Structures are given as structure tokens and as C-alpha cells.
file upload.pdb (PDB, C-alpha atoms, pLDDT in the B column)
ATOM      1  CA  MET A   1       0.000   0.000   0.000  1.00 38.00           C
ATOM      2  CA  CYS A   2       1.372   3.391  -1.012  1.00 39.00           C
ATOM      3  CA  ARG A   3       1.796   6.021   1.665  1.00 37.00           C
ATOM      4  CA  THR A   4       2.632   9.715   1.417  1.00 34.00           C
ATOM      5  CA  LEU A   5       5.857  10.464   3.284  1.00 34.00           C
ATOM      6  CA  SER A   6       6.558  13.938   4.603  1.00 35.00           C
ATOM      7  CA  ALA A   7      10.090  13.835   3.168  1.00 38.00           C
ATOM      8  CA  PHE A   8       8.724  12.767  -0.211  1.00 37.00           C
ATOM      9  CA  PRO A   9       5.309  14.441  -0.735  1.00 37.00           C
ATOM     10  CA  THR A  10       4.417  12.065  -3.552  1.00 45.00           C
ATOM     11  CA  THR A  11       1.096  10.303  -4.009  1.00 52.00           C
ATOM     12  CA  CYS A  12       0.695   6.917  -5.685  1.00 47.00           C
ATOM     13  CA  LEU A  13      -0.703   8.608  -8.790  1.00 52.00           C
ATOM     14  CA  GLU A  14       2.183  11.050  -8.962  1.00 58.00           C
ATOM     15  CA  ARG A  15       4.659   8.176  -8.639  1.00 54.00           C
ATOM     16  CA  ALA A  16       3.008   6.359 -11.528  1.00 55.00           C
ATOM     17  CA  LYS A  17       3.076   9.521 -13.629  1.00 60.00           C
ATOM     18  CA  GLU A  18       6.730  10.078 -12.754  1.00 60.00           C
ATOM     19  CA  PHE A  19       7.608   6.563 -13.924  1.00 63.00           C
ATOM     20  CA  LYS A  20       5.763   7.123 -17.196  1.00 61.00           C
ATOM     21  CA  THR A  21       7.621  10.404 -17.686  1.00 65.00           C
ATOM     22  CA  ARG A  22      11.004   8.824 -16.965  1.00 57.00           C
ATOM     23  CA  LEU A  23      10.190   5.897 -19.242  1.00 65.00           C
ATOM     24  CA  GLY A  24       9.103   8.279 -21.974  1.00 61.00           C
ATOM     25  CA  ILE A  25      12.365  10.229 -21.722  1.00 52.00           C
ATOM     26  CA  PHE A  26      14.337   6.982 -21.866  1.00 51.00           C
ATOM     27  CA  LEU A  27      12.416   5.834 -24.946  1.00 54.00           C
ATOM     28  CA  HIS A  28      12.953   9.170 -26.668  1.00 50.00           C
ATOM     29  CA  LYS A  29      16.693   9.076 -25.983  1.00 44.00           C
ATOM     30  CA  SER A  30      16.789   5.568 -27.409  1.00 44.00           C
ATOM     31  CA  ASP A  31      15.159   6.898 -30.606  1.00 41.00           C
ATOM     32  CA  LEU A  32      12.256   4.536 -30.035  1.00 42.00           C
ATOM     33  CA  SER A  33       9.600   7.218 -29.906  1.00 41.00           C
ATOM     34  CA  SER A  34       9.069   9.547 -32.831  1.00 37.00           C
ATOM     35  CA  ASP A  35       6.933  11.909 -30.776  1.00 38.00           C
ATOM     36  CA  ALA A  36       8.424  13.272 -27.536  1.00 34.00           C
ATOM     37  CA  GLY A  37       4.936  14.373 -26.520  1.00 39.00           C
ATOM     38  CA  ASN A  38       3.796  10.763 -26.147  1.00 43.00           C
ATOM     39  CA  ALA A  39       5.827   9.917 -23.027  1.00 40.00           C
ATOM     40  CA  GLY A  40       5.644   6.220 -22.328  1.00 44.00           C
ATOM     41  CA  LYS A  41       3.547   5.588 -25.481  1.00 47.00           C
ATOM     42  CA  PRO A  42       5.909   5.435 -28.471  1.00 48.00           C
ATOM     43  CA  GLU A  43       4.475   5.733 -31.941  1.00 48.00           C
ATOM     44  CA  TRP A  44       4.733   2.245 -33.421  1.00 41.00           C
ATOM     45  CA  ASN A  45       4.717   3.495 -37.013  1.00 46.00           C
ATOM     46  CA  ASN A  46       6.446   2.143 -40.090  1.00 51.00           C
ATOM     47  CA  LYS A  47       9.578   4.263 -39.677  1.00 50.00           C
ATOM     48  CA  HIS A  48      12.391   2.117 -38.322  1.00 55.00           C
ATOM     49  CA  SER A  49       9.895  -0.751 -38.153  1.00 63.00           C
ATOM     50  CA  LYS A  50      12.561  -3.434 -37.834  1.00 65.00           C
ATOM     51  CA  GLU A  51      14.158  -1.663 -34.873  1.00 66.00           C
ATOM     52  CA  ARG A  52      10.765  -1.148 -33.295  1.00 69.00           C
ATOM     53  CA  ARG A  53       9.843  -4.801 -33.734  1.00 72.00           C
ATOM     54  CA  ASN A  54      13.138  -5.853 -32.138  1.00 83.00           C
ATOM     55  CA  PHE A  55      12.453  -3.479 -29.271  1.00 85.00           C
ATOM     56  CA  SER A  56       8.931  -4.828 -28.834  1.00 87.00           C
ATOM     57  CA  GLU A  57      10.333  -8.357 -28.538  1.00 90.00           C
ATOM     58  CA  ASP A  58      12.817  -7.031 -26.005  1.00 92.00           C
ATOM     59  CA  VAL A  59      10.012  -5.430 -23.946  1.00 93.00           C
ATOM     60  CA  LEU A  60       7.946  -8.614 -23.913  1.00 93.00           C
ATOM     61  CA  GLY A  61      11.009 -10.602 -22.879  1.00 94.00           C
ATOM     62  CA  TRP A  62      11.358  -8.564 -19.697  1.00 96.00           C
ATOM     63  CA  ARG A  63       8.356 -10.355 -18.190  1.00 95.00           C
ATOM     64  CA  GLU A  64       9.697 -13.790 -19.060  1.00 96.00           C
ATOM     65  CA  SER A  65      12.484 -13.669 -16.483  1.00 96.00           C
ATOM     66  CA  PHE A  66      14.483 -11.270 -14.359  1.00 97.00           C
ATOM     67  CA  ASP A  67      17.626 -12.476 -16.142  1.00 96.00           C
ATOM     68  CA  LEU A  68      16.256 -11.279 -19.487  1.00 95.00           C
ATOM     69  CA  LEU A  69      15.438  -7.904 -17.980  1.00 96.00           C
ATOM     70  CA  LEU A  70      18.941  -7.480 -16.557  1.00 96.00           C
ATOM     71  CA  SER A  71      20.552  -8.619 -19.811  1.00 95.00           C
ATOM     72  CA  SER A  72      18.708  -5.906 -21.749  1.00 94.00           C
ATOM     73  CA  LYS A  73      20.163  -2.393 -21.813  1.00 92.00           C
ATOM     74  CA  ASN A  74      16.689  -0.988 -22.401  1.00 92.00           C
ATOM     75  CA  GLY A  75      15.249  -3.216 -19.680  1.00 94.00           C
ATOM     76  CA  VAL A  76      17.777  -2.023 -17.123  1.00 95.00           C
ATOM     77  CA  ALA A  77      17.040   1.602 -18.023  1.00 93.00           C
ATOM     78  CA  ALA A  78      13.275   1.088 -17.675  1.00 93.00           C
ATOM     79  CA  PHE A  79      13.658  -0.847 -14.418  1.00 95.00           C
ATOM     80  CA  HIS A  80      15.925   1.879 -13.033  1.00 95.00           C
ATOM     81  CA  ALA A  81      13.323   4.522 -13.916  1.00 93.00           C
ATOM     82  CA  PHE A  82      10.733   2.506 -12.002  1.00 94.00           C
ATOM     83  CA  LEU A  83      12.971   1.997  -8.970  1.00 94.00           C
ATOM     84  CA  LYS A  84      13.605   5.737  -8.752  1.00 93.00           C
ATOM     85  CA  THR A  85       9.881   6.281  -8.237  1.00 92.00           C
ATOM     86  CA  GLU A  86      10.099   3.899  -5.262  1.00 91.00           C
ATOM     87  CA  PHE A  87      13.296   5.470  -3.945  1.00 92.00           C
ATOM     88  CA  SER A  88      15.066   2.097  -4.135  1.00 91.00           C
ATOM     89  CA  GLN A  89      17.354   2.527  -7.151  1.00 95.00           C
ATOM     90  CA  GLU A  90      20.414   1.887  -4.980  1.00 96.00           C
ATOM     91  CA  ASN A  91      19.866  -1.875  -5.246  1.00 96.00           C
ATOM     92  CA  LEU A  92      20.136  -1.886  -9.030  1.00 97.00           C
ATOM     93  CA  GLU A  93      22.961   0.659  -9.026  1.00 97.00           C
ATOM     94  CA  PHE A  94      24.925  -1.542  -6.637  1.00 98.00           C
ATOM     95  CA  TRP A  95      24.301  -4.612  -8.804  1.00 97.00           C
ATOM     96  CA  LEU A  96      25.478  -2.738 -11.908  1.00 97.00           C
ATOM     97  CA  ALA A  97      28.545  -1.401 -10.071  1.00 97.00           C
ATOM     98  CA  CYS A  98      29.455  -4.990  -9.148  1.00 97.00           C
ATOM     99  CA  GLU A  99      29.081  -6.108 -12.752  1.00 97.00           C
ATOM    100  CA  GLU A 100      31.494  -3.399 -13.885  1.00 97.00           C
ATOM    101  CA  PHE A 101      33.799  -4.142 -10.957  1.00 97.00           C
ATOM    102  CA  LYS A 102      34.218  -7.764 -12.074  1.00 95.00           C
ATOM    103  CA  LYS A 103      35.594  -6.557 -15.417  1.00 95.00           C
ATOM    104  CA  ILE A 104      38.576  -4.770 -13.829  1.00 95.00           C
ATOM    105  CA  ARG A 105      41.882  -6.533 -14.449  1.00 93.00           C
ATOM    106  CA  SER A 106      44.325  -4.246 -12.611  1.00 94.00           C
ATOM    107  CA  ALA A 107      44.843  -5.318  -8.986  1.00 92.00           C
ATOM    108  CA  THR A 108      45.465  -1.706  -7.933  1.00 93.00           C
ATOM    109  CA  LYS A 109      42.306  -0.440  -9.615  1.00 95.00           C
ATOM    110  CA  LEU A 110      40.376  -3.413  -8.249  1.00 95.00           C
ATOM    111  CA  ALA A 111      41.297  -2.548  -4.662  1.00 95.00           C
ATOM    112  CA  SER A 112      40.531   1.168  -4.944  1.00 96.00           C
ATOM    113  CA  ARG A 113      37.251   0.553  -6.727  1.00 97.00           C
ATOM    114  CA  ALA A 114      36.255  -2.065  -4.136  1.00 97.00           C
ATOM    115  CA  HIS A 115      36.640   0.469  -1.340  1.00 97.00           C
ATOM    116  CA  ARG A 116      34.629   3.076  -3.253  1.00 97.00           C
ATOM    117  CA  ILE A 117      31.782   0.623  -3.805  1.00 98.00           C
ATOM    118  CA  PHE A 118      31.856  -0.382  -0.148  1.00 97.00           C
ATOM    119  CA  GLU A 119      31.729   3.241   1.008  1.00 97.00           C
ATOM    120  CA  GLU A 120      28.939   4.105  -1.404  1.00 97.00           C
ATOM    121  CA  PHE A 121      26.659   1.081  -0.945  1.00 98.00           C
ATOM    122  CA  ILE A 122      27.658  -1.250   1.900  1.00 97.00           C
ATOM    123  CA  CYS A 123      28.950   0.501   5.006  1.00 94.00           C
ATOM    124  CA  SER A 124      26.546   1.814   7.625  1.00 90.00           C
ATOM    125  CA  GLU A 125      25.182   5.259   6.744  1.00 91.00           C
ATOM    126  CA  ALA A 126      26.417   4.882   3.145  1.00 95.00           C
ATOM    127  CA  PRO A 127      24.793   7.446   0.807  1.00 96.00           C
ATOM    128  CA  LYS A 128      23.212   4.621  -1.193  1.00 96.00           C
ATOM    129  CA  GLU A 129      23.116   1.925   1.474  1.00 96.00           C
ATOM    130  CA  VAL A 130      21.614  -1.347   0.224  1.00 96.00           C
ATOM    131  CA  ASN A 131      19.443  -3.599   2.347  1.00 92.00           C
ATOM    132  CA  ILE A 132      21.674  -6.509   3.402  1.00 94.00           C
ATOM    133  CA  ASP A 133      22.095  -8.335   6.703  1.00 95.00           C
ATOM    134  CA  HIS A 134      24.878  -7.641   9.198  1.00 95.00           C
ATOM    135  CA  GLU A 135      26.698 -10.921   8.455  1.00 97.00           C
ATOM    136  CA  THR A 136      26.890 -10.145   4.725  1.00 97.00           C
ATOM    137  CA  ARG A 137      28.067  -6.614   5.454  1.00 96.00           C
ATOM    138  CA  GLU A 138      30.872  -7.872   7.695  1.00 96.00           C
ATOM    139  CA  LEU A 139      31.828 -10.635   5.261  1.00 97.00           C
ATOM    140  CA  THR A 140      32.161  -8.046   2.512  1.00 97.00           C
ATOM    141  CA  ARG A 141      34.228  -5.823   4.797  1.00 96.00           C
ATOM    142  CA  THR A 142      36.580  -8.761   5.438  1.00 96.00           C
ATOM    143  CA  ASN A 143      36.820  -9.518   1.716  1.00 95.00           C
ATOM    144  CA  LEU A 144      38.119  -6.007   1.091  1.00 94.00           C
ATOM    145  CA  GLN A 145      41.311  -6.810   2.998  1.00 93.00           C
ATOM    146  CA  ALA A 146      42.407  -8.756  -0.074  1.00 92.00           C
ATOM    147  CA  ALA A 147      40.076  -7.537  -2.788  1.00 92.00           C
ATOM    148  CA  THR A 148      39.309  -9.879  -5.673  1.00 94.00           C
ATOM    149  CA  ALA A 149      36.709  -9.801  -8.438  1.00 95.00           C
ATOM    150  CA  THR A 150      34.403 -11.908  -6.245  1.00 95.00           C
ATOM    151  CA  CYS A 151      34.566  -9.893  -3.015  1.00 96.00           C
ATOM    152  CA  PHE A 152      31.022  -8.531  -3.514  1.00 97.00           C
ATOM    153  CA  GLU A 153      29.575 -11.805  -4.779  1.00 97.00           C
ATOM    154  CA  VAL A 154      27.443 -12.616  -1.717  1.00 97.00           C
ATOM    155  CA  ALA A 155      26.167  -9.053  -1.258  1.00 97.00           C
ATOM    156  CA  GLN A 156      25.395  -8.730  -4.955  1.00 98.00           C
ATOM    157  CA  GLY A 157      23.549 -12.032  -4.968  1.00 97.00           C
ATOM    158  CA  LYS A 158      21.376 -11.073  -2.003  1.00 96.00           C
ATOM    159  CA  THR A 159      20.577  -7.695  -3.515  1.00 97.00           C
ATOM    160  CA  ARG A 160      19.634  -9.355  -6.795  1.00 97.00           C
ATOM    161  CA  THR A 161      17.346 -11.813  -5.004  1.00 97.00           C
ATOM    162  CA  LEU A 162      15.668  -8.951  -3.166  1.00 96.00           C
ATOM    163  CA  MET A 163      14.988  -7.116  -6.430  1.00 97.00           C
ATOM    164  CA  GLU A 164      13.709 -10.258  -8.153  1.00 97.00           C
ATOM    165  CA  LYS A 165      11.284 -11.137  -5.370  1.00 97.00           C
ATOM    166  CA  ASP A 166      10.194  -7.624  -4.444  1.00 96.00           C
ATOM    167  CA  SER A 167      10.695  -4.840  -6.995  1.00 96.00           C
ATOM    168  CA  TYR A 168      10.568  -6.889 -10.217  1.00 98.00           C
ATOM    169  CA  PRO A 169       6.968  -8.149  -9.741  1.00 97.00           C
ATOM    170  CA  ARG A 170       5.802  -4.603  -8.981  1.00 96.00           C
ATOM    171  CA  PHE A 171       7.597  -3.336 -12.089  1.00 96.00           C
ATOM    172  CA  LEU A 172       5.754  -5.862 -14.255  1.00 96.00           C
ATOM    173  CA  LYS A 173       2.419  -4.866 -12.698  1.00 95.00           C
ATOM    174  CA  SER A 174       3.044  -1.134 -13.078  1.00 94.00           C
ATOM    175  CA  PRO A 175       0.682   0.721 -15.465  1.00 91.00           C
ATOM    176  CA  ALA A 176       3.629   2.094 -17.427  1.00 89.00           C
ATOM    177  CA  TYR A 177       5.082  -1.345 -18.180  1.00 92.00           C
ATOM    178  CA  GLN A 178       1.646  -2.835 -18.856  1.00 92.00           C
ATOM    179  CA  ASP A 179       1.014  -0.027 -21.329  1.00 90.00           C
ATOM    180  CA  LEU A 180       4.385  -0.550 -23.002  1.00 89.00           C
ATOM    181  CA  ALA A 181       3.883  -4.323 -23.181  1.00 91.00           C
ATOM    182  CA  ALA A 182       0.461  -3.832 -24.801  1.00 91.00           C
ATOM    183  CA  GLN A 183       2.042  -1.624 -27.461  1.00 88.00           C
ATOM    184  CA  ALA A 184       4.770  -4.215 -27.991  1.00 87.00           C
ATOM    185  CA  SER A 185       2.221  -7.031 -28.352  1.00 89.00           C
ATOM    186  CA  ALA A 186       0.311  -4.994 -30.910  1.00 87.00           C
ATOM    187  CA  THR A 187       3.493  -4.429 -32.886  1.00 81.00           C
ATOM    188  CA  ASN A 188       4.340  -8.133 -32.983  1.00 77.00           C
ATOM    189  CA  ALA A 189       0.785  -8.985 -33.991  1.00 75.00           C
ATOM    190  CA  SER A 190       0.765  -6.504 -36.881  1.00 66.00           C
ATOM    191  CA  PRO A 191       1.875  -8.150 -40.161  1.00 58.00           C
ATOM    192  CA  SER A 192       2.042  -4.780 -41.916  1.00 50.00           C
ATOM    193  CA  SER A 193       4.721  -3.280 -39.684  1.00 47.00           C
ATOM    194  CA  CYS A 194       7.504  -5.174 -41.408  1.00 45.00           C
ATOM    195  CA  SER A 195       6.036  -5.649 -44.856  1.00 44.00           C
ATOM    196  CA  SER A 196       5.534  -1.934 -45.402  1.00 42.00           C
ATOM    197  CA  ALA A 197       9.130  -1.169 -44.447  1.00 42.00           C
ATOM    198  CA  GLU A 198      10.673  -4.150 -46.183  1.00 45.00           C
ATOM    199  CA  PRO A 199       9.306  -4.574 -49.725  1.00 46.00           C
ATOM    200  CA  SER A 200       9.069  -8.108 -51.023  1.00 45.00           C
ATOM    201  CA  HIS A 201      11.692  -9.272 -53.507  1.00 48.00           C
ATOM    202  CA  THR A 202       9.984 -11.854 -55.689  1.00 43.00           C
TER
END

call {"tool": "encode", "arguments": {"input": "upload.pdb", "output": "C-alpha cells"}}
result
Amino acid sequence: MCRTLSAFPTTCLERAKEFKTRLGIFLHKSDLSSDAGNAGKPEWNNKHSKERRNFSEDVLGWRESFDLLLSSKNGVAAFHAFLKTEFSQENLEFWLACEEFKKIRSATKLASRAHRIFEEFICSEAPKEVNIDHETRELTRTNLQAATATCFEVAQGKTRTLMEKDSYPRFLKSPAYQDLAAQASATNASPSSCSSAEPSHT
């Protein structure tokens, strides 16, 4: 149940509208909406129909599994926009930071980056403190003494599970995603969207 907090004077309706606005901006930046005035409702016209059809398949895949959502650049952007309306984007930002962290090959850079991630997301009173238990927090602190690419593995896994069980279902049920999925389904069901853009060669 949504509640209005004094620190965040935002009603449930305003939160939904904010998500639609953020999603619309994201779609426009991705060149997926030809009309910036239709925030959250891209024009599924014949222009760039192949790209739009690929995007529609991407959108529908987000509800198939959390893995598909996280593996999609567009999905991550949309999910992040939703989490910001719930003031819980730190979980996804931490998960993404860990993914980038695991790509670092320099031991020196690995250690310095590990401490920055810990200070930003893990330690008590961190500016973007994630919701993990005390044991995981202390385990991660210990891992930093000899930082490796896996030192955040447990914390990242628990944060991912929390998002999958809590935020992800609400994202799929949100009006903005439901609206976007309906548009995507209509695009896939329309035989003219590809044929008009790709003339037949017979």
C-alpha cells in the first residue's frame, strides 16, 4: 500500500506519472519514440519498423524472467526509472557497479574501486546503502582486505534476489510497463509493420 511520506510528498498517482515520464524520456533518448509528446507511449509506425519490432520483442522478454530484464540495456534503463519512483534505485545501481567491478583486471584499480563501492553502498550510513544483513556486510568488509573480483559476490547475490522477489513483480504490474507491453504485443501482432518497411523481392 502506497503512503505519502513527509520527506517525499508524492502520491501513488504522482509516482506512476513520474515513472511514465522517466520511461518516456528513456524511450525518446533511445530513438524509439518519434513523438516526444507521447511519453511512455511510443508511436509504433512504419519508420524504423525493424528496430521497433526488435524493441517490442525485447520489452515482452522482460516479463519472461528477471535475467532477461537485466541482460537488456533498455530493460535495465526502464527498471531503473521505475525503482527511482520507489526510492530504491540503490539496489540496481549496486548490482550494476558490481558487474562493472568484475571486469577490472588491474589489482590496484580493483582494490581502490572495491573500497569506493563499499563506502557508497555497503557501510553503515552509506549514501546509497543497500538492504543486506549484518553478516553479509561484515563478510564483505573482510573480503576487502584482499580484494578480488568476487569480493562482492554474496552481497550482490542477495541484492539481486531482493529485487527479483520484491521490486521486479511490482515493475511488471506497473501501469507504465503494462502499457508498453500492450504496445509491444500490438506491434508483434501486426503483419504490416515489417512488410511496409521491407518490400518483397519476388

call {"tool": "residues_around", "arguments": {"input": "upload.pdb", "residues": "Ala149 in chain A", "least_positions_apart": "5", "cutoff": "8 Å", "atoms": "all atoms listed in the file", "output": "list in words"}}
result
Phe101, Lys102, Lys103, Ile104 and Leu110 of chain A

call {"tool": "write_last_selection", "arguments": {"input": "upload.pdb", "atoms": "C-alpha atoms", "output": "short mmCIF file (atom, residue, chain, number, x, y, z; two decimals), keeping the file's coordinate frame"}}
result
data_model
loop_
_atom_site.label_atom_id
_atom_site.label_comp_id
_atom_site.auth_asym_id
_atom_site.auth_seq_id
_atom_site.Cartn_x
_atom_site.Cartn_y
_atom_site.Cartn_z
CA PHE A 101 33.80 -4.14 -10.96
CA LYS A 102 34.22 -7.76 -12.07
CA LYS A 103 35.59 -6.56 -15.42
CA ILE A 104 38.58 -4.77 -13.83
CA LEU A 110 40.38 -3.41 -8.25
#

call {"tool": "atom_distance", "arguments": {"input": "upload.pdb", "atom1": "CA of Ala181 in chain A", "atom2": "CA of Val59 in chain A"}}
result
6.3 Å

call {"tool": "resolve_selection", "arguments": {"input": "upload.pdb", "expression": "the PyMOL selection byres ((chain A and resi 163) around 12)", "output": "CSV table (one decimal) with C-alpha atoms, in the coordinates of the input"}}
result
chain,number,residue,atom,x,y,z
A,66,PHE,CA,14.5,-11.3,-14.4
A,67,ASP,CA,17.6,-12.5,-16.1
A,69,LEU,CA,15.4,-7.9,-18.0
A,70,LEU,CA,18.9,-7.5,-16.6
A,79,PHE,CA,13.7,-0.8,-14.4
A,80,HIS,CA,15.9,1.9,-13.0
A,82,PHE,CA,10.7,2.5,-12.0
A,83,LEU,CA,13.0,2.0,-9.0
A,88,SER,CA,15.1,2.1,-4.1
A,89,GLN,CA,17.4,2.5,-7.2
A,90,GLU,CA,20.4,1.9,-5.0
A,91,ASN,CA,19.9,-1.9,-5.2
A,92,LEU,CA,20.1,-1.9,-9.0
A,93,GLU,CA,23.0,0.7,-9.0
A,94,PHE,CA,24.9,-1.5,-6.6
A,95,TRP,CA,24.3,-4.6,-8.8
A,130,VAL,CA,21.6,-1.3,0.2
A,131,ASN,CA,19.4,-3.6,2.3
A,132,ILE,CA,21.7,-6.5,3.4
A,156,GLN,CA,25.4,-8.7,-5.0
A,157,GLY,CA,23.5,-12.0,-5.0
A,158,LYS,CA,21.4,-11.1,-2.0
A,159,THR,CA,20.6,-7.7,-3.5
A,160,ARG,CA,19.6,-9.4,-6.8
A,161,THR,CA,17.3,-11.8,-5.0
A,162,LEU,CA,15.7,-9.0,-3.2
A,164,GLU,CA,13.7,-10.3,-8.2
A,165,LYS,CA,11.3,-11.1,-5.4
A,166,ASP,CA,10.2,-7.6,-4.4
A,167,SER,CA,10.7,-4.8,-7.0
A,168,TYR,CA,10.6,-6.9,-10.2
A,169,PRO,CA,7.0,-8.1,-9.7
A,170,ARG,CA,5.8,-4.6,-9.0
A,171,PHE,CA,7.6,-3.3,-12.1

call {"tool": "closest_residue", "arguments": {"input": "upload.pdb", "among": "A:Ala126, A:Ser174, A:Leu180, A:Cys98", "to": "Phe55 in chain A", "atoms": "only C-alpha atoms"}}
result
A:Leu180

call {"tool": "atom_distance", "arguments": {"input": "upload.pdb", "atom1": "CA of Ser106 in chain A", "atom2": "CA of Glu120 in chain A"}}
result
20.8 Å

call {"tool": "atom_distance", "arguments": {"input": "upload.pdb", "atom1": "CA of Thr148 in chain A", "atom2": "CA of Ala114 in chain A"}}
result
8.5 Å

call {"tool": "closest_residue", "arguments": {"input": "upload.pdb", "among": "A:Val76, A:Arg53, A:His134, A:Arg63", "to": "Lys173 in chain A", "atoms": "all atoms listed in the file"}}
result
A:Arg63

call {"tool": "closest_residue", "arguments": {"input": "upload.pdb", "among": "A:Lys84, A:Asn143, A:Phe152, A:Glu138", "to": "Leu96 in chain A", "atoms": "all atoms listed in the file"}}
result
A:Phe152

call {"tool": "closest_residue", "arguments": {"input": "upload.pdb", "among": "A:Ser65, A:Phe87, A:Glu99, A:Gly75", "to": "Thr150 in chain A", "atoms": "only C-alpha atoms"}}
result
A:Glu99

call {"tool": "closest_residue", "arguments": {"input": "upload.pdb", "among": "A:Leu68, A:Asn54, A:Ala81, A:Leu144", "to": "Arg113 in chain A", "atoms": "all atoms listed in the file"}}
result
A:Leu144
